[in-house]
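Text of start_2.txt (compact mmCIF, C-alpha atoms) as supplied:
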# COMPACT_ATOMS: atom_id res chain seq x y z
CA MET N 1 14.39 14.19 34.30
CA ASP N 2 17.65 13.48 36.14
CA THR N 3 17.80 10.59 38.57
CA PRO N 4 17.74 11.95 42.17
CA PRO N 5 20.89 11.29 44.25
CA TRP N 6 19.17 8.89 46.64
CA ARG N 7 18.12 6.64 43.77
CA LYS N 8 21.62 6.64 42.30
CA LEU N 9 22.94 5.49 45.66
CA MET N 10 20.30 2.78 45.85
CA ALA N 11 21.01 1.57 42.30
CA GLY N 12 24.66 0.98 43.16
CA SER N 13 24.09 -0.17 46.74
CA VAL N 14 21.21 -2.59 46.34
CA GLY N 15 22.75 -4.03 43.19
CA ASN N 16 25.92 -4.73 45.19
CA LEU N 17 23.82 -6.43 47.84
CA VAL N 18 22.22 -8.72 45.26
CA GLU N 19 25.50 -9.56 43.56
CA LEU N 20 27.51 -10.24 46.72
CA TYR N 21 24.67 -12.21 48.28
CA ASP N 22 25.18 -14.80 45.58
CA PHE N 23 28.90 -15.10 46.36
CA ALA N 24 28.27 -15.21 50.11
CA VAL N 25 25.83 -18.12 49.78
CA PHE N 26 28.53 -20.27 48.21
CA GLY N 27 31.13 -19.32 50.83
CA PHE N 28 28.85 -20.25 53.73
CA SER N 29 27.72 -23.45 52.00
CA VAL N 30 31.20 -24.91 51.49
CA PRO N 31 30.80 -27.68 54.15
CA ILE N 32 27.46 -28.79 52.66
CA LEU N 33 28.59 -28.53 49.05
CA SER N 34 31.74 -30.55 49.77
CA ALA N 35 29.57 -33.39 51.09
CA HIS N 36 27.15 -33.37 48.15
CA PHE N 37 29.53 -32.69 45.26
CA PHE N 38 32.87 -34.10 46.47
CA PRO N 39 32.04 -37.14 48.62
CA GLY N 40 34.74 -39.37 50.01
CA ASN N 41 36.41 -40.52 53.19
CA ASP N 42 38.98 -37.69 53.29
CA ARG N 43 36.94 -34.67 54.42
CA SER N 44 39.96 -32.37 54.25
CA ALA N 45 40.43 -33.25 50.57
CA ALA N 46 36.72 -32.63 49.92
CA LEU N 47 36.93 -29.22 51.56
CA LEU N 48 40.02 -28.31 49.56
CA SER N 49 38.20 -29.36 46.37
CA THR N 50 35.24 -27.15 47.23
CA PHE N 51 37.46 -24.19 48.09
CA ALA N 52 39.14 -24.74 44.72
CA VAL N 53 35.72 -24.45 43.06
CA PHE N 54 35.16 -21.29 45.12
CA ALA N 55 38.36 -19.94 43.56
CA VAL N 56 37.25 -20.85 40.02
CA ALA N 57 34.90 -17.87 39.92
CA PHE N 58 37.87 -15.62 40.59
CA VAL N 59 39.67 -17.03 37.57
CA ALA N 60 36.71 -15.89 35.47
CA ARG N 61 36.53 -12.46 37.07
CA PRO N 62 39.39 -10.87 35.06
CA LEU N 63 37.76 -12.00 31.81
CA GLY N 64 34.40 -10.68 32.98
CA GLY N 65 36.05 -7.43 34.01
CA LEU N 66 37.72 -7.06 30.63
CA ILE N 67 34.49 -7.73 28.72
CA PHE N 68 32.07 -5.75 30.84
CA GLY N 69 34.55 -3.03 31.84
CA SER N 70 35.16 -2.17 28.20
CA MET N 71 31.40 -2.28 27.57
CA ALA N 72 30.81 0.09 30.50
CA ASP N 73 33.23 2.63 29.00
CA ARG N 74 31.59 2.29 25.59
CA ILE N 75 27.83 1.83 26.10
CA GLY N 76 27.46 3.09 29.67
CA ARG N 77 27.59 2.02 33.31
CA VAL N 78 23.85 1.49 33.72
CA LYS N 79 23.35 -1.04 30.91
CA VAL N 80 26.24 -3.15 32.08
CA MET N 81 25.02 -3.12 35.69
CA ALA N 82 21.62 -4.42 34.52
CA ILE N 83 23.26 -7.25 32.53
CA THR N 84 25.62 -8.39 35.28
CA VAL N 85 22.99 -8.57 38.01
CA CYS N 86 20.88 -10.87 35.82
CA LEU N 87 23.81 -13.17 34.98
CA MET N 88 24.86 -13.47 38.60
CA ALA N 89 21.35 -14.34 39.75
CA LEU N 90 21.07 -16.97 37.01
CA GLY N 91 24.29 -18.73 38.04
CA THR N 92 23.19 -18.83 41.68
CA ALA N 93 19.68 -20.11 40.96
CA ILE N 94 21.05 -22.96 38.81
CA ILE N 95 23.25 -24.13 41.71
CA GLY N 96 20.04 -24.39 43.72
CA VAL N 97 18.64 -27.02 41.36
CA LEU N 98 21.81 -28.95 40.47
CA PRO N 99 21.74 -32.72 40.98
CA THR N 100 24.39 -34.02 43.38
CA TYR N 101 27.31 -36.40 42.88
CA ALA N 102 25.20 -39.26 44.25
CA GLU N 103 22.65 -38.64 41.49
CA ILE N 104 24.72 -38.03 38.36
CA GLY N 105 28.35 -38.66 39.34
CA MET N 106 31.18 -36.49 38.00
CA ALA N 107 28.78 -34.36 35.98
CA ALA N 108 27.65 -32.72 39.23
CA PRO N 109 30.96 -31.03 40.19
CA ILE N 110 31.54 -30.14 36.53
CA MET N 111 28.18 -28.32 36.43
CA LEU N 112 28.99 -26.65 39.74
CA VAL N 113 32.22 -25.31 38.23
CA ALA N 114 30.28 -23.99 35.21
CA CYS N 115 27.91 -22.07 37.48
CA ARG N 116 30.83 -20.58 39.37
CA LEU N 117 32.39 -19.46 36.10
CA LEU N 118 29.14 -17.66 35.19
CA GLN N 119 29.08 -15.99 38.60
CA GLY N 120 32.69 -14.92 38.18
CA LEU N 121 32.10 -13.38 34.75
CA ALA N 122 29.15 -11.40 36.10
CA LEU N 123 30.89 -10.19 39.24
CA GLY N 124 33.93 -9.21 37.20
CA GLY N 125 31.83 -6.56 35.48
CA GLU N 126 29.53 -5.69 38.37
CA THR N 127 32.12 -4.48 40.83
CA THR N 128 33.77 -2.05 38.45
CA GLY N 129 30.55 -0.87 36.80
CA SER N 130 28.82 0.01 40.05
CA GLN N 131 31.86 1.65 41.64
CA SER N 132 32.53 3.78 38.56
CA TYR N 133 28.87 4.76 38.49
CA ILE N 134 28.86 5.82 42.15
CA VAL N 135 32.17 7.74 42.03
CA GLU N 136 31.03 9.67 38.95
CA SER N 137 27.61 10.39 40.48
CA ALA N 138 28.85 11.56 43.90
CA PRO N 139 29.69 15.16 44.89
CA ASP N 140 33.46 15.66 44.68
CA ASN N 141 33.84 16.18 48.43
CA ARG N 142 31.75 13.10 49.34
CA ARG N 143 33.08 10.40 47.05
CA GLY N 144 34.53 8.42 49.96
CA GLN N 145 31.21 8.57 51.80
CA TRP N 146 29.20 7.42 48.77
CA VAL N 147 31.49 4.56 47.77
CA SER N 148 31.85 3.27 51.33
CA PHE N 149 28.06 3.38 51.71
CA THR N 150 27.63 1.15 48.65
CA GLN N 151 30.36 -1.15 49.94
CA LEU N 152 28.44 -1.44 53.21
CA PHE N 153 25.65 -3.00 51.18
CA GLY N 154 28.22 -5.19 49.47
CA GLN N 155 29.28 -6.68 52.82
CA LEU N 156 25.82 -7.04 54.38
CA PRO N 157 24.97 -10.15 52.33
CA ASN N 158 27.40 -12.13 54.46
CA ALA N 159 25.35 -11.30 57.55
CA ILE N 160 22.07 -11.77 55.69
CA VAL N 161 23.07 -15.22 54.46
CA ALA N 162 24.25 -16.20 57.93
CA VAL N 163 20.90 -15.18 59.44
CA LEU N 164 19.00 -16.98 56.65
CA LEU N 165 20.94 -20.20 57.23
CA ILE N 166 20.36 -19.95 60.96
CA ALA N 167 16.62 -19.48 60.39
CA VAL N 168 16.34 -22.42 57.98
CA GLN N 169 18.26 -24.75 60.29
CA ALA N 170 16.35 -23.60 63.37
CA PHE N 171 13.00 -24.12 61.64
CA ALA N 172 13.67 -27.44 59.89
CA GLY N 173 16.69 -28.84 61.74
CA SER N 174 20.26 -29.49 60.62
CA ALA N 175 19.45 -32.86 59.10
CA ALA N 176 16.74 -31.45 56.84
CA TYR N 177 18.99 -28.54 55.87
CA GLU N 178 21.86 -30.84 54.91
CA GLY N 179 19.47 -33.16 53.11
CA GLY N 180 18.01 -30.63 50.67
CA LEU N 181 16.98 -27.33 52.24
CA TRP N 182 20.49 -25.99 51.60
CA ARG N 183 19.13 -25.19 48.14
CA ILE N 184 16.75 -22.50 49.45
CA PRO N 185 19.34 -19.69 49.82
CA PHE N 186 20.60 -20.35 46.28
CA LEU N 187 17.10 -20.21 44.82
CA ALA N 188 16.43 -17.03 46.81
CA GLY N 189 19.45 -15.48 45.10
CA GLY N 190 17.76 -15.93 41.75
CA VAL N 191 14.60 -14.25 42.98
CA ILE N 192 16.30 -11.21 44.49
CA GLY N 193 18.25 -10.77 41.25
CA ILE N 194 14.96 -9.64 39.73
CA VAL N 195 14.77 -6.93 42.39
CA GLY N 196 18.26 -5.69 41.50
CA PHE N 197 17.37 -5.49 37.82
CA TRP N 198 14.14 -3.60 38.56
CA ILE N 199 15.98 -1.00 40.67
CA ARG N 200 18.64 -0.40 38.02
CA ARG N 201 16.57 -0.46 34.87
CA ASN N 202 15.73 3.26 34.51
CA VAL N 203 18.48 5.24 36.26
CA ASP N 204 20.45 7.85 34.29
CA GLU N 205 24.12 7.72 33.41
CA PRO N 206 26.35 10.00 35.56
CA GLU N 207 26.79 13.49 34.08
CA GLU N 208 30.55 13.04 34.39
CA PHE N 209 30.40 10.02 32.08
CA LYS N 210 28.10 11.79 29.59
CA GLN N 211 30.42 14.78 29.30
CA ALA N 212 33.53 12.62 28.97
CA THR N 213 31.85 10.59 26.23
CA ARG N 214 30.87 13.70 24.28
CA ALA N 215 34.38 15.12 24.64
CA THR N 216 36.07 12.00 23.24
CA GLU N 217 34.95 10.87 19.80
CA ASP N 218 37.63 8.25 19.10
CA ARG N 219 37.30 6.04 22.13
CA SER N 220 39.33 2.90 22.66
CA PRO N 221 39.28 2.28 26.43
CA LEU N 222 41.35 -0.90 26.22
CA ARG N 223 44.10 0.84 24.22
CA ASP N 224 44.04 3.85 26.58
CA ALA N 225 44.23 1.61 29.65
CA PHE N 226 47.57 0.22 28.50
CA HIS N 227 49.20 3.60 27.93
CA ALA N 228 51.68 4.85 30.53
CA ASP N 229 49.15 6.56 32.84
CA GLY N 230 46.80 3.58 32.69
CA ILE N 231 49.54 1.09 33.57
CA LYS N 232 50.65 3.27 36.51
CA ALA N 233 47.06 3.42 37.77
CA MET N 234 46.67 -0.36 37.52
CA LEU N 235 49.91 -0.93 39.42
CA ARG N 236 48.77 1.47 42.14
CA LEU N 237 45.56 -0.48 42.60
CA LEU N 238 47.66 -3.63 42.91
CA MET N 239 49.66 -1.94 45.67
CA ILE N 240 46.71 -1.03 47.91
CA MET N 241 43.97 -3.66 47.50
CA PRO N 242 45.58 -7.03 48.45
CA VAL N 243 45.20 -6.45 52.19
CA TYR N 244 41.44 -6.02 51.90
CA PHE N 245 40.94 -8.87 49.44
CA THR N 246 42.98 -11.31 51.51
CA GLY N 247 41.36 -10.40 54.80
CA ALA N 248 37.83 -10.22 53.45
CA TYR N 249 37.88 -13.63 51.84
CA ILE N 250 39.46 -15.19 54.90
CA LEU N 251 36.66 -13.68 56.98
CA PHE N 252 33.84 -14.39 54.52
CA GLY N 253 34.96 -17.53 52.72
CA PHE N 254 37.14 -19.35 55.26
CA MET N 255 36.28 -18.51 58.86
CA TYR N 256 32.91 -20.26 59.04
CA THR N 257 34.41 -23.55 57.88
CA PHE N 258 37.42 -22.94 60.17
CA LEU N 259 35.18 -22.44 63.19
CA VAL N 260 33.15 -25.56 62.47
CA ARG N 261 35.95 -27.92 61.45
CA VAL N 262 38.90 -26.68 63.53
CA ALA N 263 37.45 -24.80 66.51
CA LYS N 264 34.61 -27.37 66.76
CA LEU N 265 31.88 -24.78 67.22
CA GLU N 266 28.28 -25.62 66.45
CA PRO N 267 27.34 -24.38 62.96
CA THR N 268 24.73 -21.98 64.34
CA THR N 269 27.19 -20.53 66.85
CA ALA N 270 29.79 -20.09 64.11
CA LEU N 271 27.25 -18.35 61.86
CA ILE N 272 26.15 -15.96 64.58
CA SER N 273 29.72 -14.94 65.44
CA ASN N 274 30.55 -14.43 61.77
CA ALA N 275 27.39 -12.39 61.16
CA ILE N 276 28.19 -10.08 64.09
CA SER N 277 31.72 -9.49 62.80
CA VAL N 278 30.32 -8.57 59.39
CA VAL N 279 27.93 -6.07 61.00
CA VAL N 280 30.93 -4.51 62.78
CA LEU N 281 32.79 -4.26 59.47
CA CYS N 282 29.73 -2.67 57.84
CA SER N 283 29.44 -0.14 60.67
CA VAL N 284 33.10 0.88 60.46
CA MET N 285 33.39 1.15 56.67
CA PRO N 286 31.16 4.22 56.02
CA LEU N 287 32.79 6.04 58.93
CA ALA N 288 36.20 5.36 57.39
CA GLY N 289 34.93 6.58 54.01
CA ILE N 290 33.74 9.85 55.55
CA LEU N 291 37.06 10.22 57.39
CA SER N 292 38.94 9.70 54.12
CA ASP N 293 37.02 12.65 52.63
CA HIS N 294 38.50 14.84 55.38
CA ILE N 295 42.03 13.58 56.05
CA GLY N 296 42.80 11.69 52.83
CA ARG N 297 42.67 8.14 51.52
CA LYS N 298 46.29 7.19 52.29
CA ARG N 299 46.11 7.91 56.01
CA VAL N 300 42.95 5.87 56.49
CA MET N 301 44.22 2.98 54.37
CA SER N 302 47.45 2.93 56.36
CA ILE N 303 45.62 2.81 59.69
CA GLY N 304 43.56 -0.18 58.53
CA ALA N 305 46.57 -2.08 57.15
CA ALA N 306 48.58 -1.46 60.34
CA TRP N 307 45.67 -2.69 62.47
CA LEU N 308 45.46 -5.95 60.53
CA MET N 309 49.23 -6.42 60.55
CA LEU N 310 49.21 -6.28 64.36
CA THR N 311 45.98 -8.18 65.08
CA ALA N 312 45.70 -10.90 62.39
CA TYR N 313 47.72 -13.53 64.22
CA PRO N 314 46.15 -13.07 67.67
CA ALA N 315 42.74 -12.89 65.98
CA ILE N 316 43.15 -16.43 64.61
CA HIS N 317 44.33 -17.57 68.06
CA PHE N 318 41.13 -16.23 69.60
CA ALA N 319 38.98 -17.75 66.86
CA ALA N 320 40.55 -21.18 67.37
CA SER N 321 39.79 -21.20 71.10
CA GLY N 322 36.60 -23.21 70.69
CA THR N 323 34.45 -20.63 72.46
CA PHE N 324 31.86 -18.22 71.12
CA ALA N 325 33.60 -15.28 72.81
CA GLY N 326 36.94 -16.16 71.26
CA ALA N 327 35.44 -16.68 67.81
CA LEU N 328 33.62 -13.37 68.02
CA LEU N 329 36.62 -11.40 69.29
CA GLY N 330 38.94 -12.81 66.64
CA GLN N 331 36.57 -12.06 63.78
CA VAL N 332 35.68 -8.60 65.08
CA LEU N 333 39.37 -7.67 65.20
CA ILE N 334 39.68 -8.59 61.52
CA GLY N 335 36.40 -6.86 60.68
CA ILE N 336 37.51 -3.54 62.22
CA GLY N 337 40.74 -3.48 60.22
CA LEU N 338 38.95 -4.39 57.01
CA GLY N 339 36.31 -1.71 57.58
CA VAL N 340 38.91 1.01 58.08
CA ASN N 341 41.08 -0.04 55.14
CA GLY N 342 38.20 -0.73 52.76
CA GLY N 343 36.44 2.53 53.53
CA ALA N 344 39.30 4.37 51.84
CA SER N 345 40.87 1.85 49.47
CA TYR N 346 37.75 1.18 47.42
CA VAL N 347 37.26 4.81 46.46
CA ALA N 348 40.99 5.43 45.90
CA ALA N 349 41.19 2.45 43.55
CA VAL N 350 38.54 3.99 41.29
CA GLU N 351 39.95 7.52 41.52
CA PHE N 352 43.31 6.38 40.12
CA PHE N 353 41.73 6.16 36.64
CA PRO N 354 40.36 8.92 34.38
CA THR N 355 36.75 8.71 33.21
CA LYS N 356 37.41 7.73 29.58
CA PHE N 357 38.86 4.32 30.53
CA ARG N 358 37.99 4.12 34.23
CA ALA N 359 35.87 0.97 34.01
CA THR N 360 38.29 -0.86 31.71
CA GLY N 361 41.50 -0.06 33.61
CA HIS N 362 39.93 -0.60 37.01
CA ALA N 363 38.32 -3.87 35.93
CA ILE N 364 41.53 -5.39 34.60
CA SER N 365 43.68 -4.59 37.62
CA TYR N 366 40.97 -5.03 40.26
CA GLN N 367 39.78 -8.40 39.01
CA ILE N 368 43.27 -9.81 38.49
CA THR N 369 44.23 -8.73 42.01
CA VAL N 370 41.11 -10.15 43.62
CA ALA N 371 41.44 -13.35 41.61
CA VAL N 372 45.06 -13.94 42.60
CA LEU N 373 44.82 -12.86 46.24
CA GLY N 374 41.14 -12.85 47.18
CA GLY N 375 39.82 -15.94 45.46
CA THR N 376 42.72 -18.09 46.55
CA SER N 377 42.78 -16.90 50.19
CA PRO N 378 40.44 -19.60 51.60
CA PHE N 379 42.35 -22.29 49.70
CA ILE N 380 45.76 -20.96 50.77
CA ALA N 381 44.57 -20.60 54.39
CA ALA N 382 43.34 -24.20 54.42
CA TYR N 383 46.46 -25.46 52.63
CA LEU N 384 48.90 -23.63 54.94
CA SER N 385 47.10 -24.94 58.00
CA ARG N 386 47.45 -28.48 56.69
CA LEU N 387 51.04 -28.02 55.43
CA LEU N 388 52.36 -26.39 58.61
CA ASP N 389 50.13 -28.48 60.85
CA THR N 390 48.91 -25.41 62.72
CA PRO N 391 45.51 -23.70 62.73
CA PHE N 392 47.20 -20.31 63.10
CA ALA N 393 48.78 -20.19 59.63
CA PRO N 394 46.01 -17.94 58.16
CA GLY N 395 46.91 -15.25 60.71
CA ILE N 396 50.55 -15.28 59.65
CA TYR N 397 49.53 -15.05 56.00
CA LEU N 398 47.18 -12.10 56.56
CA ALA N 399 49.73 -10.26 58.74
CA PHE N 400 52.38 -10.62 56.02
CA ILE N 401 50.06 -9.28 53.29
CA SER N 402 49.00 -6.39 55.53
CA ALA N 403 52.60 -5.38 56.23
CA ALA N 404 53.46 -5.45 52.52
CA CYS N 405 50.44 -3.27 51.65
CA LEU N 406 51.15 -0.84 54.48
CA ILE N 407 54.56 -0.17 52.96
CA ALA N 408 53.26 -0.04 49.37
CA THR N 409 50.50 2.43 50.28
CA GLN N 410 53.08 5.05 51.16
CA PHE N 411 54.20 5.15 47.50
CA VAL N 412 50.83 5.86 45.85
CA PRO N 413 49.48 9.40 45.31
CA GLU N 414 46.68 10.89 47.38
CA THR N 415 43.44 10.90 45.35
CA ARG N 416 40.99 12.73 47.62
CA SER N 417 41.01 15.92 45.50
CA VAL N 418 41.76 14.41 42.10
CA ARG N 419 39.70 15.52 39.06
CA LEU N 420 37.81 12.51 37.72
CA ARG N 421 38.08 13.51 34.07
CA THR N 422 41.88 13.47 34.04
CA SER N 423 44.51 11.06 35.27
CA VAL N 424 46.08 11.23 38.70
CA GLU N 425 49.33 12.19 36.97
CA SER N 426 47.72 15.34 35.52
CA SER N 427 46.33 16.30 38.92
CA ILE N 428 49.72 15.78 40.55
CA SER N 429 51.38 17.94 37.92
CA ASP N 430 48.79 20.68 38.39
CA SER N 431 49.25 20.54 42.15
CA ASP N 432 53.01 20.80 41.83
CA ARG N 433 52.70 23.80 39.51
CA THR N 434 50.34 25.53 41.93
CA ALA N 435 52.70 24.94 44.84
CA LEU N 436 55.64 26.23 42.78
CA GLN N 437 53.74 29.39 41.85
CA LYS N 438 52.85 30.03 45.49
CA ALA N 439 56.48 29.52 46.49
CA ARG N 440 57.52 32.15 43.99

Encoded form using structure tokens:
Amino acid sequence: MDTPPWRKLMAGSVGNLVELYDFAVFGFSVPILSAHFFPGNDRSAALLSTFAVFAVAFVARPLGGLIFGSMADRIGRVKVMAITVCLMALGTAIIGVLPTYAEIGMAAPIMLVACRLLQGLALGGETTGSQSYIVESAPDNRRGQWVSFTQLFGQLPNAIVAVLLIAVQAFAGSAAYEGGLWRIPFLAGGVIGIVGFWIRRNVDEPEEFKQATRATEDRSPLRDAFHADGIKAMLRLLMIMPVYFTGAYILFGFMYTFLVRVAKLEPTTALISNAISVVVLCSVMPLAGILSDHIGRKRVMSIGAAWLMLTAYPAIHFAASGTFAGALLGQVLIGIGLGVNGGASYVAAVEFFPTKFRATGHAISYQITVAVLGGTSPFIAAYLSRLLDTPFAPGIYLAFISAACLIATQFVPETRSVRLRTSVESSISDSDRTALQKAR
């Protein structure tokens, strides 16, 4: 019996929630982790060290994408999604029981790095596996809607973690939280990983993937990914995704620490403002995905990139004001732009690749891009602020990346009507032939 559409959506969506929850916990816990694993008198150096550990997982993501992406093209999307959700939950739960620097010295940060590497490997396969699964399961005219819906669940963990941290601190107090209760969200990540595995364990492979597998006996997804069409597709992903990666990891992995350390907001106030901005992003993203099904991916991506180009710098100004209203307005401005751009860019990035090597090609280019630009964004934002001696440097950085992607987006093909089984190049050629025949 075929898996009903609603369950396919839930398998991709809830799995994304579980996986990204684990990453969000680390991002929001940077101030606490820096105190427990990188103690010292220079708090700025400790924060930079912790942000560097945050980036370590992104170094592992390309390797995870290569391993699990190739597996997804060979043995199936569903099996790989079950494996990655378990690995991610394991890495997060171990962080929840790690001894601190005060207890075991340098072994503590080394073990923290090892856990982040495990998380990075798992997420490297998860993102591509779930997105390929959803695109291939969705009706052709609703692929933007389906992918953006799953991405909504991928962003919600940032709000969920913020609410959880607020609740723990409100119930037990900040001192108790900093003393040891900070471990609770990490341990919870291990528990909810079981839920993700249970949801994914018995869903069917997409019919699109089954047919493509039967049609291709000699399959070498890695070899195919590095042929001409595969390289073009990977370059196109590189052209459209940096704006979202940069902005998202500034919002999710940097802004909370920025608001607490630079804007001098109370931690609870900073968490609430960040959680609201994430909810705004999550509300905008599915609407943008639906719009991209009607007017095309490129137009929607361009609107989002232009928005961020124009608002990134003033957004950081507002966030640095030291008020709740300013922090909220600044983050909401970034969240709106990310929601619009991401609602179209995520589905387009998957549609660039044909089914036979979709997971492999997407994984390589996606994970390298997110590692270079996403994982390093909090570190670069913190470093530029210190180097230039201005808290507004992250806004300049995000505006520059947005402008570059806005220009680059104009040079990629529209993928809204592309056939999944074939490459974008084949679809473009077919479209050109059809237009030529009509002209004649």

Spatial neighbours of Gly337 of chain N, max dist 6 Å, only C-alpha atoms, sep filter under 4 positions, as a list of chain:residue names:
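Listing them by chain and then by number gives N:Gly304, N:Trp307, N:Leu308.
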
Let me make sure I understand: among N:Arg223, N:Arg261, N:Arg74, N:Arg200, which one has the smallest atom-to-atom distance to Pro31 of chain N if we use all atoms listed in the file?
N:Arg261

Can you work out the spacing between atom CA of Gly91 of chain N and atom CA of Gln119 of chain N in Å, to one decimal?
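We find that atom CA of Gly91 of chain N and atom CA of Gln119 of chain N lie 5.5 Å from each other.
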
Counting only C-alpha atoms, which residues come within 8 Å of (39.0, -14.5, 47.2), with the point read in the file's coordinates, and could you list them as a PyMOL selection string?
chain N and resi 55+58+245-246+248-250+253+370-378

Quick one: everything within 6 Å of Phe37 of chain N, counting only C-alpha atoms, minus sequence neighbours fewer than 2 positions away in the same chain. Send it as an MDAnalysis selection string.
chainID N and resid 33:35 100:101 109

From the list N:Met88, N:Ala170, N:Leu420, N:Val284, the nearest residue to Val191 of chain N using only C-alpha atoms is N:Met88

Taking into account only C-alpha atoms, which residue in the set N:Gly154, N:Gly189, N:Pro314, N:Gly12 is nearest to Leu333 of chain N?
N:Pro314

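Considering only C-alpha atoms, the residue among N:Leu20, N:Val347, N:Ile407, N:Gly335 positioned nearest to Asn158 of chain N is N:Leu20.
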
Test item: residues at most 8 Å from Ile95 of chain N, only C-alpha atoms, excluding those fewer than 6 positions along its chain, as a PyMOL selection string:
chain N and resi 112+115+183+186-187

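Here the question is which of N:Gly65, N:Gly144, N:Gly247, N:Pro139 gets nearest to Val80 of chain N using all atoms listed in the file, and that residue is N:Gly65.
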
Of the candidates N:Val350, N:Thr390, N:Gly289, N:Thr360, which one gets nearest to Asn141 of chain N if we count all atoms listed in the file?
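Nearest candidate to Asn141 of chain N out of N:Val350, N:Thr390, N:Gly289, N:Thr360: N:Gly289.
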
Give me the residues near Phe411 of chain N as a count of residues only, where near means some atom within 12 Å (using only C-alpha atoms) and where sequence neighbours in that chain fewer than 6 positions away do not count.
11

Rounded to one decimal in Å, what is the spacing between atom CA of Arg416 of chain N and atom CA of Lys356 of chain N?
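About the pair atom CA of Arg416 of chain N and atom CA of Lys356 of chain N: they are 19.1 Å apart.
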
So how many Å separate atom CA of Phe149 of chain N and atom CA of Arg421 of chain N, to one decimal?
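Value for the atom CA of Phe149 of chain N-atom CA of Arg421 of chain N distance: 22.7 Å.
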
For Gly124 of chain N, please output as an MDAnalysis selection string all residues within 7 Å (counting all atoms listed in the file; exclusion window: fewer than 3 positions along the same chain).
chainID N and resid 61:62 64:65 120:121 127 367

Taking C-alpha atoms for each residue, export the selection above as a compact mmCIF listing (two decimals), keeping the file's coordinate frame.
# COMPACT_ATOMS: atom_id res chain seq x y z
CA ARG N 61 36.53 -12.46 37.07
CA PRO N 62 39.39 -10.87 35.06
CA GLY N 64 34.40 -10.68 32.98
CA GLY N 65 36.05 -7.43 34.01
CA GLY N 120 32.69 -14.92 38.18
CA LEU N 121 32.10 -13.38 34.75
CA THR N 127 32.12 -4.48 40.83
CA GLN N 367 39.78 -8.40 39.01

Dump as a list in words all residues having an atom at most 8 Å from (35.4, -3.9, 29.3), computed in the file's coordinates with only C-alpha atoms.
Gly64, Gly65, Leu66, Ile67, Phe68, Gly69, Ser70, Met71, Ala72, Asp73, Gly125, Pro221, Leu222, Ala359, Thr360 and Ala363 of chain N
